[in-house]
>>> print(open('structure-v5.pdb').read())   # PDB, C-alpha atoms
MODEL        1
ATOM      1  CA  MET A   1       0.000   0.000   0.000  1.00  0.00           C
ATOM      2  CA  ASN A   2       1.005   3.624  -0.457  1.00  0.00           C
ATOM      3  CA  PRO A   3       1.812   5.479   2.783  1.00  0.00           C
ATOM      4  CA  VAL A   4      -1.096   7.495   4.178  1.00  0.00           C
ATOM      5  CA  LYS A   5      -0.385  10.464   6.434  1.00  0.00           C
ATOM      6  CA  PHE A   6      -2.618  11.537   9.318  1.00  0.00           C
ATOM      7  CA  GLY A   7      -1.178  14.649  10.919  1.00  0.00           C
ATOM      8  CA  ASP A   8       2.233  13.669  12.298  1.00  0.00           C
ATOM      9  CA  PHE A   9       1.611   9.937  11.880  1.00  0.00           C
ATOM     10  CA  THR A  10       1.991   7.909   8.688  1.00  0.00           C
ATOM     11  CA  VAL A  11       0.510   4.472   8.064  1.00  0.00           C
ATOM     12  CA  THR A  12       3.064   2.635   5.935  1.00  0.00           C
ATOM     13  CA  SER A  13       1.534  -0.840   6.175  1.00  0.00           C
ATOM     14  CA  ALA A  14      -1.670  -2.450   7.424  1.00  0.00           C
ATOM     15  CA  GLU A  15      -2.656  -6.089   7.133  1.00  0.00           C
ATOM     16  CA  PHE A  16      -5.216  -8.537   8.440  1.00  0.00           C
ATOM     17  CA  VAL A  17      -3.430 -11.119  10.592  1.00  0.00           C
ATOM     18  CA  LYS A  18      -6.116 -13.429  11.946  1.00  0.00           C
ATOM     19  CA  ALA A  19      -9.533 -13.836  13.537  1.00  0.00           C
ATOM     20  CA  ALA A  20      -9.984 -15.433  16.942  1.00  0.00           C
ATOM     21  CA  VAL A  21     -12.940 -16.988  18.743  1.00  0.00           C
ATOM     22  CA  ASN A  22     -11.155 -17.553  22.079  1.00  0.00           C
ATOM     23  CA  LEU A  23      -8.038 -16.387  23.903  1.00  0.00           C
ATOM     24  CA  LYS A  24      -6.028 -19.315  22.564  1.00  0.00           C
ATOM     25  CA  GLY A  25      -6.507 -17.858  19.098  1.00  0.00           C
ATOM     26  CA  LEU A  26      -4.820 -14.524  19.815  1.00  0.00           C
ATOM     27  CA  PRO A  27      -1.836 -13.594  17.619  1.00  0.00           C
ATOM     28  CA  GLU A  28       1.394 -15.220  18.723  1.00  0.00           C
ATOM     29  CA  GLU A  29       3.306 -12.024  18.032  1.00  0.00           C
ATOM     30  CA  ARG A  30       3.324  -9.963  21.226  1.00  0.00           C
ATOM     31  CA  LEU A  31       2.561  -6.407  20.185  1.00  0.00           C
ATOM     32  CA  PRO A  32       0.527  -3.633  21.842  1.00  0.00           C
ATOM     33  CA  MET A  33      -3.177  -3.586  20.955  1.00  0.00           C
ATOM     34  CA  VAL A  34      -5.941  -0.992  20.887  1.00  0.00           C
ATOM     35  CA  ALA A  35      -9.427  -2.461  20.415  1.00  0.00           C
ATOM     36  CA  PHE A  36     -12.589  -0.923  18.940  1.00  0.00           C
ATOM     37  CA  LEU A  37     -16.101  -1.594  20.171  1.00  0.00           C
ATOM     38  CA  GLY A  38     -19.567  -0.138  19.660  1.00  0.00           C
ATOM     39  CA  ARG A  39     -23.174  -1.001  18.922  1.00  0.00           C
ATOM     40  CA  SER A  40     -23.908  -2.756  15.652  1.00  0.00           C
ATOM     41  CA  ASN A  41     -24.047  -0.359  12.693  1.00  0.00           C
ATOM     42  CA  VAL A  42     -22.121   2.381  14.510  1.00  0.00           C
ATOM     43  CA  GLY A  43     -19.568   2.626  11.675  1.00  0.00           C
ATOM     44  CA  LYS A  44     -16.729   0.749  13.352  1.00  0.00           C
ATOM     45  CA  SER A  45     -15.517  -1.158  10.274  1.00  0.00           C
ATOM     46  CA  SER A  46     -15.576   1.970   8.110  1.00  0.00           C
ATOM     47  CA  LEU A  47     -13.626   3.887  10.752  1.00  0.00           C
ATOM     48  CA  LEU A  48     -10.962   1.173  10.979  1.00  0.00           C
ATOM     49  CA  ASN A  49     -10.562   1.195   7.204  1.00  0.00           C
ATOM     50  CA  THR A  50     -10.131   4.971   7.235  1.00  0.00           C
ATOM     51  CA  LEU A  51      -7.606   4.817  10.079  1.00  0.00           C
ATOM     52  CA  MET A  52      -5.531   2.290   8.154  1.00  0.00           C
ATOM     53  CA  GLY A  53      -5.768   4.153   4.875  1.00  0.00           C
ATOM     54  CA  GLN A  54      -7.612   1.401   3.023  1.00  0.00           C
ATOM     55  CA  LYS A  55     -11.122   0.832   1.721  1.00  0.00           C
ATOM     56  CA  LYS A  56     -11.701  -2.904   1.977  1.00  0.00           C
ATOM     57  CA  LEU A  57      -9.247  -4.258   4.567  1.00  0.00           C
ATOM     58  CA  VAL A  58     -12.000  -4.490   7.172  1.00  0.00           C
ATOM     59  CA  LYS A  59     -15.153  -5.969   5.711  1.00  0.00           C
ATOM     60  CA  VAL A  60     -18.036  -3.524   5.804  1.00  0.00           C
ATOM     61  CA  SER A  61     -21.427  -5.215   5.674  1.00  0.00           C
ATOM     62  CA  SER A  62     -24.899  -3.835   5.044  1.00  0.00           C
ATOM     63  CA  THR A  63     -26.054  -6.362   7.660  1.00  0.00           C
ATOM     64  CA  PRO A  64     -25.339  -4.978  11.171  1.00  0.00           C
ATOM     65  CA  GLY A  65     -23.584  -7.309  13.583  1.00  0.00           C
ATOM     66  CA  LYS A  66     -21.970  -9.490  10.941  1.00  0.00           C
ATOM     67  CA  THR A  67     -18.603  -9.553  12.723  1.00  0.00           C
ATOM     68  CA  ARG A  68     -18.554 -12.780  14.746  1.00  0.00           C
ATOM     69  CA  GLU A  69     -14.902 -12.994  15.794  1.00  0.00           C
ATOM     70  CA  ILE A  70     -12.228 -10.702  17.119  1.00  0.00           C
ATOM     71  CA  ASN A  71     -10.188  -9.551  14.119  1.00  0.00           C
ATOM     72  CA  PHE A  72      -6.576  -8.404  14.387  1.00  0.00           C
ATOM     73  CA  PHE A  73      -4.919  -5.931  12.014  1.00  0.00           C
ATOM     74  CA  LYS A  74      -1.196  -5.195  12.227  1.00  0.00           C
ATOM     75  CA  VAL A  75      -0.165  -1.604  11.519  1.00  0.00           C
ATOM     76  CA  ASN A  76       3.372  -0.566  10.550  1.00  0.00           C
ATOM     77  CA  ASN A  77       4.537  -3.946  11.915  1.00  0.00           C
ATOM     78  CA  GLN A  78       4.420  -2.306  15.353  1.00  0.00           C
ATOM     79  CA  PHE A  79       0.970  -2.782  16.898  1.00  0.00           C
ATOM     80  CA  PHE A  80      -2.509  -4.205  16.381  1.00  0.00           C
ATOM     81  CA  LEU A  81      -5.828  -2.466  15.879  1.00  0.00           C
ATOM     82  CA  VAL A  82      -8.505  -4.912  17.001  1.00  0.00           C
ATOM     83  CA  ASP A  83     -12.060  -5.118  15.667  1.00  0.00           C
ATOM     84  CA  LEU A  84     -14.445  -6.505  18.295  1.00  0.00           C
ATOM     85  CA  PRO A  85     -17.951  -7.830  17.478  1.00  0.00           C
ATOM     86  CA  GLY A  86     -20.619  -5.142  17.605  1.00  0.00           C
ATOM     87  CA  VAL A  87     -22.606  -4.765  20.807  1.00  0.00           C
ATOM     88  CA  GLY A  88     -26.166  -5.897  20.139  1.00  0.00           C
ATOM     89  CA  PHE A  89     -25.175  -8.553  17.574  1.00  0.00           C
ATOM     90  CA  ALA A  90     -28.103  -8.158  15.178  1.00  0.00           C
ATOM     91  CA  LYS A  91     -29.683 -11.387  13.943  1.00  0.00           C
ATOM     92  CA  VAL A  92     -27.563 -13.595  16.197  1.00  0.00           C
ATOM     93  CA  SER A  93     -29.045 -16.239  18.482  1.00  0.00           C
ATOM     94  CA  ASN A  94     -29.112 -15.566  22.213  1.00  0.00           C
ATOM     95  CA  ALA A  95     -26.665 -18.411  22.866  1.00  0.00           C
ATOM     96  CA  LYS A  96     -24.205 -17.052  20.292  1.00  0.00           C
ATOM     97  CA  ARG A  97     -24.644 -13.525  21.613  1.00  0.00           C
ATOM     98  CA  ASP A  98     -23.874 -14.638  25.171  1.00  0.00           C
ATOM     99  CA  GLN A  99     -20.821 -16.545  23.966  1.00  0.00           C
ATOM    100  CA  MET A 100     -19.443 -13.516  22.144  1.00  0.00           C
ATOM    101  CA  SER A 101     -20.171 -11.227  25.077  1.00  0.00           C
ATOM    102  CA  GLU A 102     -18.219 -13.539  27.366  1.00  0.00           C
ATOM    103  CA  PHE A 103     -15.333 -13.711  24.896  1.00  0.00           C
ATOM    104  CA  ILE A 104     -15.159  -9.908  24.652  1.00  0.00           C
ATOM    105  CA  ARG A 105     -15.214  -9.644  28.447  1.00  0.00           C
ATOM    106  CA  GLU A 106     -12.484 -12.251  28.800  1.00  0.00           C
ATOM    107  CA  TYR A 107     -10.351 -10.545  26.156  1.00  0.00           C
ATOM    108  CA  VAL A 108     -10.673  -7.118  27.788  1.00  0.00           C
ATOM    109  CA  GLU A 109      -9.925  -8.481  31.263  1.00  0.00           C
ATOM    110  CA  LYS A 110      -7.114 -10.922  30.459  1.00  0.00           C
ATOM    111  CA  CYS A 111      -5.260  -9.799  27.325  1.00  0.00           C
ATOM    112  CA  LYS A 112      -2.022  -8.343  28.685  1.00  0.00           C
ATOM    113  CA  ASP A 113      -1.183  -6.627  25.393  1.00  0.00           C
ATOM    114  CA  LEU A 114      -4.396  -4.573  25.331  1.00  0.00           C
ATOM    115  CA  ARG A 115      -3.500  -0.927  25.987  1.00  0.00           C
ATOM    116  CA  GLY A 116      -6.972   0.562  25.774  1.00  0.00           C
ATOM    117  CA  LEU A 117     -10.352   0.435  24.097  1.00  0.00           C
ATOM    118  CA  VAL A 118     -12.037   2.933  21.780  1.00  0.00           C
ATOM    119  CA  TYR A 119     -15.822   2.877  22.177  1.00  0.00           C
ATOM    120  CA  LEU A 120     -17.907   4.378  19.368  1.00  0.00           C
ATOM    121  CA  VAL A 121     -21.263   6.058  19.967  1.00  0.00           C
ATOM    122  CA  ASP A 122     -23.472   7.146  17.054  1.00  0.00           C
ATOM    123  CA  ILE A 123     -23.697  10.939  17.353  1.00  0.00           C
ATOM    124  CA  ARG A 124     -27.353  10.789  16.231  1.00  0.00           C
ATOM    125  CA  HIS A 125     -28.388   8.659  19.197  1.00  0.00           C
ATOM    126  CA  GLY A 126     -26.532  10.500  21.941  1.00  0.00           C
ATOM    127  CA  GLY A 127     -25.648   7.411  23.987  1.00  0.00           C
ATOM    128  CA  THR A 128     -28.176   4.595  24.403  1.00  0.00           C
ATOM    129  CA  PRO A 129     -28.719   2.484  27.552  1.00  0.00           C
ATOM    130  CA  THR A 130     -26.672  -0.243  25.841  1.00  0.00           C
ATOM    131  CA  ASP A 131     -23.798   2.223  25.341  1.00  0.00           C
ATOM    132  CA  ILE A 132     -23.987   3.344  28.968  1.00  0.00           C
ATOM    133  CA  ASP A 133     -24.030  -0.215  30.349  1.00  0.00           C
ATOM    134  CA  THR A 134     -21.226  -1.397  28.080  1.00  0.00           C
ATOM    135  CA  VAL A 135     -18.895   1.503  28.845  1.00  0.00           C
ATOM    136  CA  GLU A 136     -19.515   1.070  32.573  1.00  0.00           C
ATOM    137  CA  SER A 137     -18.700  -2.634  32.275  1.00  0.00           C
ATOM    138  CA  ILE A 138     -15.425  -1.820  30.492  1.00  0.00           C
ATOM    139  CA  ARG A 139     -14.505   0.719  33.143  1.00  0.00           C
ATOM    140  CA  ASN A 140     -15.158  -1.875  35.844  1.00  0.00           C
ATOM    141  CA  THR A 141     -12.519  -4.163  34.289  1.00  0.00           C
ATOM    142  CA  GLY A 142      -9.904  -1.449  34.740  1.00  0.00           C
ATOM    143  CA  CYS A 143      -9.322  -1.143  30.999  1.00  0.00           C
ATOM    144  CA  PRO A 144      -8.938   2.492  29.861  1.00  0.00           C
ATOM    145  CA  VAL A 145     -11.759   3.412  27.491  1.00  0.00           C
ATOM    146  CA  LEU A 146     -11.915   6.349  25.097  1.00  0.00           C
ATOM    147  CA  VAL A 147     -15.463   7.264  24.094  1.00  0.00           C
ATOM    148  CA  ILE A 148     -15.774   8.879  20.674  1.00  0.00           C
ATOM    149  CA  ALA A 149     -18.784   9.914  18.600  1.00  0.00           C
ATOM    150  CA  SER A 150     -19.108   8.553  15.064  1.00  0.00           C
ATOM    151  CA  LYS A 151     -20.900   9.625  11.865  1.00  0.00           C
ATOM    152  CA  ARG A 152     -20.068  13.323  12.071  1.00  0.00           C
ATOM    153  CA  ASP A 153     -21.121  13.664   8.433  1.00  0.00           C
ATOM    154  CA  LYS A 154     -24.691  12.590   9.261  1.00  0.00           C
ATOM    155  CA  VAL A 155     -25.608  15.612  11.409  1.00  0.00           C
ATOM    156  CA  ASN A 156     -25.728  19.386  11.104  1.00  0.00           C
ATOM    157  CA  GLN A 157     -24.047  21.779  13.511  1.00  0.00           C
ATOM    158  CA  SER A 158     -26.935  22.017  16.000  1.00  0.00           C
ATOM    159  CA  GLU A 159     -27.469  18.241  15.984  1.00  0.00           C
ATOM    160  CA  LEU A 160     -23.746  17.787  16.544  1.00  0.00           C
ATOM    161  CA  ALA A 161     -23.757  20.051  19.592  1.00  0.00           C
ATOM    162  CA  LYS A 162     -26.825  18.310  21.034  1.00  0.00           C
ATOM    163  CA  GLY A 163     -25.407  14.812  20.441  1.00  0.00           C
ATOM    164  CA  LEU A 164     -22.036  15.636  21.996  1.00  0.00           C
ATOM    165  CA  ARG A 165     -23.715  17.147  25.048  1.00  0.00           C
ATOM    166  CA  GLN A 166     -25.920  14.067  25.493  1.00  0.00           C
ATOM    167  CA  ILE A 167     -22.992  11.659  25.166  1.00  0.00           C
ATOM    168  CA  GLN A 168     -20.942  13.648  27.663  1.00  0.00           C
ATOM    169  CA  GLU A 169     -23.758  13.666  30.216  1.00  0.00           C
ATOM    170  CA  ARG A 170     -25.002  10.107  29.759  1.00  0.00           C
ATOM    171  CA  LEU A 171     -21.566   8.473  29.784  1.00  0.00           C
ATOM    172  CA  SER A 172     -20.132  10.695  32.559  1.00  0.00           C
ATOM    173  CA  LEU A 173     -17.339  12.204  30.473  1.00  0.00           C
ATOM    174  CA  PRO A 174     -15.272  15.123  31.798  1.00  0.00           C
ATOM    175  CA  GLU A 175     -15.567  16.892  28.439  1.00  0.00           C
ATOM    176  CA  LYS A 176     -17.332  16.519  25.113  1.00  0.00           C
ATOM    177  CA  PRO A 177     -16.024  13.525  23.131  1.00  0.00           C
ATOM    178  CA  LEU A 178     -14.126  13.653  19.875  1.00  0.00           C
ATOM    179  CA  CYS A 179     -16.491  13.302  16.914  1.00  0.00           C
ATOM    180  CA  VAL A 180     -15.186  11.554  13.813  1.00  0.00           C
ATOM    181  CA  SER A 181     -16.315  10.832  10.283  1.00  0.00           C
ATOM    182  CA  ALA A 182     -14.938   7.867   8.383  1.00  0.00           C
ATOM    183  CA  VAL A 183     -16.391   9.379   5.203  1.00  0.00           C
ATOM    184  CA  LYS A 184     -15.055  12.937   5.484  1.00  0.00           C
ATOM    185  CA  GLY A 185     -12.004  12.234   7.655  1.00  0.00           C
ATOM    186  CA  HIS A 186     -13.052  14.535  10.490  1.00  0.00           C
ATOM    187  CA  GLY A 187     -11.108  13.858  13.689  1.00  0.00           C
ATOM    188  CA  ILE A 188      -9.032  10.988  12.300  1.00  0.00           C
ATOM    189  CA  ALA A 189      -5.630  12.611  12.899  1.00  0.00           C
ATOM    190  CA  THR A 190      -6.635  13.479  16.476  1.00  0.00           C
ATOM    191  CA  LEU A 191      -7.861   9.941  17.094  1.00  0.00           C
ATOM    192  CA  TRP A 192      -4.551   8.574  15.845  1.00  0.00           C
ATOM    193  CA  GLN A 193      -2.728  10.668  18.450  1.00  0.00           C
ATOM    194  CA  ASP A 194      -4.886   9.138  21.203  1.00  0.00           C
ATOM    195  CA  ILE A 195      -4.242   5.648  19.842  1.00  0.00           C
ATOM    196  CA  LEU A 196      -0.485   6.219  19.675  1.00  0.00           C
ATOM    197  CA  SER A 197      -0.469   7.551  23.232  1.00  0.00           C
ATOM    198  CA  ALA A 198      -2.022   4.276  24.359  1.00  0.00           C
ATOM    199  CA  ILE A 199       0.344   2.189  22.229  1.00  0.00           C
ATOM    200  CA  ASN A 200       3.329   4.003  23.692  1.00  0.00           C
ATOM    201  CA  GLY A 201       2.101   3.361  27.209  1.00  0.00           C
ATOM    202  CA  THR A 202       1.369   7.003  27.945  1.00  0.00           C
ATOM    203  CA  ASN A 203      -2.396   7.105  28.312  1.00  0.00           C
ATOM    204  CA  ILE A 204      -5.614   6.627  26.448  1.00  0.00           C
ATOM    205  CA  VAL A 205      -8.030   9.223  27.735  1.00  0.00           C
ATOM    206  CA  ASP A 206     -10.341   7.445  30.125  1.00  0.00           C
ATOM    207  CA  GLY A 207     -13.660   9.215  30.028  1.00  0.00           C
ATOM    208  CA  ASN A 208     -14.301   8.363  33.674  1.00  0.00           C
ATOM    209  CA  LYS A 209     -11.249  10.205  34.951  1.00  0.00           C
TER     210      LYS A 209
ENDMDL
END
>>> encode(input="structure-v5.pdb", output="structure tokens")
Amino acid sequence: MNPVKFGDFTVTSAEFVKAAVNLKGLPEERLPMVAFLGRSNVGKSSLLNTLMGQKKLVKVSSTPGKTREINFFKVNNQFFLVDLPGVGFAKVSNAKRDQMSEFIREYVEKCKDLRGLVYLVDIRHGGTPTDIDTVESIRNTGCPVLVIASKRDKVNQSELAKGLRQIQERLSLPEKPLCVSAVKGHGIATLWQDILSAINGTNIVDGNK
């Protein structure tokens, strides 16, 4: 791939490494990881593609909740961006949904290479009860979680302000979250700086601190 620059950071390579359905299936290569989570159809796959400067590396489906495994993508041969199954898991049986929920919980609690988690909230919905419960559960594991708003291109300026205010209040954030657009590129360079801070062991902004 051709290098893609985001502010001060350049993606020189990005590749899919493997998918896992349990902790035994994690990549053997020990590299720092930052994982991405959000409700189904929040735009997670599109955002990951934009972050890695590619269009089809992460499969984007018109069917929400299609991701069934944890998918690992190696960037610049230095770290992994991790795509977790969408919260809500549309059109998945209850048994399968419970299994995936447990796997996500186990991964977040026990993966020693996980540096932090980016949680996406659709700016149009302002933080649903599912978002609130999930973020609280992540915080309870001790894993740093960065809440960001997605789909900036779907709202006007007044809707943006309202959505950011709702997300801040409902998810107990100290300030309004970063709002990104995978389509227009809004906020991508800033998000990369947060990701790199986590990768380098500095900090990923925990919205509960």
>>> resolve_selection(input="structure-v5.pdb", expression="the PyMOL selection byres ((chain A and resi 164) around 7)", output="PyMOL selection string")
chain A and resi 123+126+160-163+165-168+176-177
>>> residues_near_point(input="structure-v5.pdb", point="(-22.3, -0.9, 22.6)", cutoff="7 Å", atoms="all atoms listed in the file", output="list of chain:residue names")
A:Leu37, A:Gly38, A:Arg39, A:Gly86, A:Val87, A:Gly88, A:Thr130, A:Asp131, A:Thr134
>>> write_last_selection(input="structure-v5.pdb", atoms="C-alpha atoms", output="compact mmCIF listing (two decimals), in the coordinates of the input")
# COMPACT_ATOMS: atom_id res chain seq x y z
CA LEU A 37 -16.10 -1.59 20.17
CA GLY A 38 -19.57 -0.14 19.66
CA ARG A 39 -23.17 -1.00 18.92
CA GLY A 86 -20.62 -5.14 17.60
CA VAL A 87 -22.61 -4.76 20.81
CA GLY A 88 -26.17 -5.90 20.14
CA THR A 130 -26.67 -0.24 25.84
CA ASP A 131 -23.80 2.22 25.34
CA THR A 134 -21.23 -1.40 28.08
>>> resolve_selection(input="structure-v5.pdb", expression="the PyMOL selection byres ((chain A and resi 28) around 12)", output="list in words")
Val17, Lys18, Ala20, Leu23, Lys24, Gly25, Leu26, Pro27, Glu29, Arg30, Leu31, Phe72, Phe80 and Asp113 of chain A
>>> closest_residue(input="structure-v5.pdb", among="A:Pro174, A:Gly187, A:Pro144, A:Gly116", to="Val34 (chain A)", atoms="only C-alpha atoms")
A:Gly116
>>> resolve_selection(input="structure-v5.pdb", expression="the PyMOL selection byres ((chain A and resi 42-47) around 7)", output="PyMOL selection string")
chain A and resi 38-41+48-51+58-60+120-122+150+182
>>> write_last_selection(input="structure-v5.pdb", atoms="C-alpha atoms", output="PDB file, in the coordinates of the input")
ATOM      1  CA  GLY A  38     -19.567  -0.138  19.660  1.00  0.00           C
ATOM      2  CA  ARG A  39     -23.174  -1.001  18.922  1.00  0.00           C
ATOM      3  CA  SER A  40     -23.908  -2.756  15.652  1.00  0.00           C
ATOM      4  CA  ASN A  41     -24.047  -0.359  12.693  1.00  0.00           C
ATOM      5  CA  LEU A  48     -10.962   1.173  10.979  1.00  0.00           C
ATOM      6  CA  ASN A  49     -10.562   1.195   7.204  1.00  0.00           C
ATOM      7  CA  THR A  50     -10.131   4.971   7.235  1.00  0.00           C
ATOM      8  CA  LEU A  51      -7.606   4.817  10.079  1.00  0.00           C
ATOM      9  CA  VAL A  58     -12.000  -4.490   7.172  1.00  0.00           C
ATOM     10  CA  LYS A  59     -15.153  -5.969   5.711  1.00  0.00           C
ATOM     11  CA  VAL A  60     -18.036  -3.524   5.804  1.00  0.00           C
ATOM     12  CA  LEU A 120     -17.907   4.378  19.368  1.00  0.00           C
ATOM     13  CA  VAL A 121     -21.263   6.058  19.967  1.00  0.00           C
ATOM     14  CA  ASP A 122     -23.472   7.146  17.054  1.00  0.00           C
ATOM     15  CA  SER A 150     -19.108   8.553  15.064  1.00  0.00           C
ATOM     16  CA  ALA A 182     -14.938   7.867   8.383  1.00  0.00           C
TER      17      ALA A 182
END
>>> closest_residue(input="structure-v5.pdb", among="A:Asp153, A:Asp83, A:Glu169, A:Glu15", to="Val118 (chain A)", atoms="only C-alpha atoms")
A:Asp83
>>> atom_distance(input="structure-v5.pdb", atom1="CA of Val11 (chain A)", atom2="CA of Phe79 (chain A)")
11.4 Å
>>> residues_around(input="structure-v5.pdb", residues="Ala14 (chain A)", least_positions_apart="5", cutoff="7 Å", atoms="all atoms listed in the file", output="PDB file with C-alpha atoms, keeping the file's coordinate frame")
ATOM      1  CA  MET A  52      -5.531   2.290   8.154  1.00  0.00           C
ATOM      2  CA  PHE A  73      -4.919  -5.931  12.014  1.00  0.00           C
ATOM      3  CA  LYS A  74      -1.196  -5.195  12.227  1.00  0.00           C
ATOM      4  CA  VAL A  75      -0.165  -1.604  11.519  1.00  0.00           C
ATOM      5  CA  ASN A  76       3.372  -0.566  10.550  1.00  0.00           C
TER       6      ASN A  76
END
>>> atom_distance(input="structure-v5.pdb", atom1="CA of Leu173 (chain A)", atom2="CA of Leu146 (chain A)")
9.6 Å
>>> atom_distance(input="structure-v5.pdb", atom1="CA of Pro129 (chain A)", atom2="CA of Asn156 (chain A)")
23.8 Å
>>> axis_aligned_box(input="structure-v5.pdb", around="region 102-119 of chain A", padding_each_side="8 Å", output="AutoDock Vina command-line options")
--center_x -9.7 --center_y -5.4 --center_z 26.5 --size_x 33.0 --size_y 32.6 --size_z 25.5
